[in-house]
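Written out below as structure tokens is the structure these notes cover.
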Amino acid sequence: MGKRGFFICVEGLDGCGKTTQAKLLVARLREKGYDAIYTAEPSRGKIGMFIKKYCLHGRKRVSSVVEALLFAADRFEHVENVVIPALNEGKLVVSDRYVYSSLAYQGAAGLDLKWVEKINEHAISPNLAVLIDVVPETVIQRLKPKKSVMENLETQRKVREVYMKFVEKGELVKIDGSNSKQEVADDILTVVLRFLEKAV
Ligand SMILES: Nc1ncnc2c1ncn2[C@@H]1O[C@H](COP(=O)(O)OP(=O)(O)O)[C@@H](O)[C@H]1O
Ligand SMILES: [Mg+2]
């Protein structure tokens, strides 16, 4: 790993295991001696907090254009305030969701992917983007106790389709998320270590 750090993002449907796996990955990388940090989007900044309150858990669905703009604005701050400073310190940054979430969710909501890409052009590319893939039926089952507006079956199917386009393009590395937490963690670590070795 060079001085510039290494940026990994973990993507997938709500309930696929991103938070579980991003945290496990950071713990395992630390055990191996890497200086790894966990971060997430929406971020803990002001815009991120606003998104959590009004877009994800509000009573009324916000228009997808506004959502896309807010997520892009939050991402700009997240990258500037958290990701880049950590990378400059040579850290390994693991982000629980990143730009592919905007493409998948706002794309699934019918927005032009090119426009969503355009408003996210300031978001630096990750060194590695992992998709934890599960079928929508699985996440609906896992999330039964904590539903948010993003989580009906039809939406999840559309979101997964957009993610798959990026898998086919080779931008996202797909991991089977239907296995046990430990197995998924092993699979992700294998892929990450392979990429880290290449990056040295
Ligand atoms: N591989 C797995 N098998 C079974 N349950 C899982 C697995 N990974 C995560 N879970 C459970 O599914 C739920 C959602 O996991 P979480 O990591 O919060 O997903 P996300 O951050 O993608 O929404 C949690 O209750 C978690 O314990
Ligand atoms: Mg999560």
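Every chain in the structure tokens takes a letter, A first, then B, and so on in the order presented; its residues are numbered from 1, and the ligands are numbered from 1 following the presented order.
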
Practice task
Tell me, as a ChimeraX atom specification, which residues lie within 7 Å of range 120-136 of chain A, counting only C-alpha atoms; anything in the same chain fewer than 5 positions away does not count.
Solution key: /A:6-12,16,72,75-76,79,153,156-157,171-178

Grab the residues selected above and save them as a CSV table (one decimal), in the first residue's frame with C-alpha atoms.
```
chain,number,residue,atom,x,y,z
A,6,PHE,CA,-6.5,2.8,-0.4
A,7,PHE,CA,-10.2,3.4,-0.8
A,8,ILE,CA,-12.7,0.6,-0.7
A,9,CYS,CA,-16.5,1.0,-0.9
A,10,VAL,CA,-19.1,-1.6,0.1
A,11,GLU,CA,-22.3,-1.6,-1.8
A,12,GLY,CA,-25.6,-3.5,-2.0
A,16,CYS,CA,-27.5,-7.2,2.4
A,72,ALA,CA,-24.2,14.2,-4.1
A,75,ARG,CA,-20.8,12.9,-0.7
A,76,PHE,CA,-18.7,16.0,-1.7
A,79,VAL,CA,-14.9,13.0,0.5
A,153,LEU,CA,-39.6,-5.6,-3.2
A,156,GLN,CA,-35.1,-3.6,-4.5
A,157,ARG,CA,-35.3,-5.5,-7.8
A,171,GLU,CA,-16.6,-1.7,-11.9
A,172,LEU,CA,-18.1,-3.6,-9.0
A,173,VAL,CA,-16.7,-6.9,-7.7
A,174,LYS,CA,-19.6,-9.2,-6.7
A,175,ILE,CA,-19.6,-11.2,-3.5
A,176,ASP,CA,-22.3,-13.8,-2.7
A,177,GLY,CA,-24.0,-12.3,0.3
A,178,SER,CA,-26.4,-15.2,0.9
```

Exercise for the section: Write out as an MDAnalysis selection string which residues come within 12 Å of Thr19 in chain A when counting only C-alpha atoms, dropping same-chain ones fewer than 2 positions away. Expected result: chainID A and resid 9:17 21:26 38:41 94:97 132 181 185

Output C-alpha atoms for every residue in the selection just made, as a PDB file, in the first residue's frame.
```pdb
ATOM      1  CA  CYS A   9     -16.506   0.978  -0.854  1.00  0.00           C
ATOM      2  CA  VAL A  10     -19.067  -1.622   0.091  1.00  0.00           C
ATOM      3  CA  GLU A  11     -22.330  -1.551  -1.825  1.00  0.00           C
ATOM      4  CA  GLY A  12     -25.586  -3.457  -1.981  1.00  0.00           C
ATOM      5  CA  LEU A  13     -29.250  -3.476  -1.075  1.00  0.00           C
ATOM      6  CA  ASP A  14     -30.469  -2.379   2.333  1.00  0.00           C
ATOM      7  CA  GLY A  15     -30.041  -5.397   4.574  1.00  0.00           C
ATOM      8  CA  CYS A  16     -27.485  -7.200   2.386  1.00  0.00           C
ATOM      9  CA  GLY A  17     -24.898  -6.914   5.172  1.00  0.00           C
ATOM     10  CA  GLN A  21     -19.180  -6.582   6.623  1.00  0.00           C
ATOM     11  CA  ALA A  22     -17.583  -3.137   6.384  1.00  0.00           C
ATOM     12  CA  LYS A  23     -16.959  -3.225  10.160  1.00  0.00           C
ATOM     13  CA  LEU A  24     -15.710  -6.828  10.082  1.00  0.00           C
ATOM     14  CA  LEU A  25     -13.401  -5.932   7.208  1.00  0.00           C
ATOM     15  CA  VAL A  26     -11.913  -3.004   9.112  1.00  0.00           C
ATOM     16  CA  TYR A  38     -14.781   2.670   8.816  1.00  0.00           C
ATOM     17  CA  THR A  39     -16.942   5.427   7.395  1.00  0.00           C
ATOM     18  CA  ALA A  40     -20.420   5.534   5.880  1.00  0.00           C
ATOM     19  CA  GLU A  41     -22.842   7.412   3.674  1.00  0.00           C
ATOM     20  CA  VAL A  94     -13.760   1.445   4.027  1.00  0.00           C
ATOM     21  CA  SER A  95     -16.961   3.276   3.136  1.00  0.00           C
ATOM     22  CA  ASP A  96     -20.329   1.698   3.849  1.00  0.00           C
ATOM     23  CA  ARG A  97     -22.059   2.906   0.619  1.00  0.00           C
ATOM     24  CA  ILE A 132     -22.620  -7.756  -1.527  1.00  0.00           C
ATOM     25  CA  LYS A 181     -21.553 -13.632   7.920  1.00  0.00           C
ATOM     26  CA  ALA A 185     -16.289 -11.782   5.497  1.00  0.00           C
TER      27      ALA A 185
END
```

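Within range 5-133 of chain A, DSSP applied to the backbone places the following residues in strand (DSSP E): Phe6, Phe7, Ile8, Cys9, Val10, Glu11, Ala36, Ile37, Tyr38, Thr39, Ala40, Leu92, Val93, Val94, Ser95, Asp96, Leu128, Ala129, Val130, Leu131, Ile132 and Asp133 of chain A.
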
Exercise for the section: Name the closest residue to ligand 1 among the candidates A:Arg160, A:Lys32, A:Arg59, A:Lys144; distances are taken between atoms, counting only C-alpha atoms and all ligand atoms. Expected result: A:Lys144
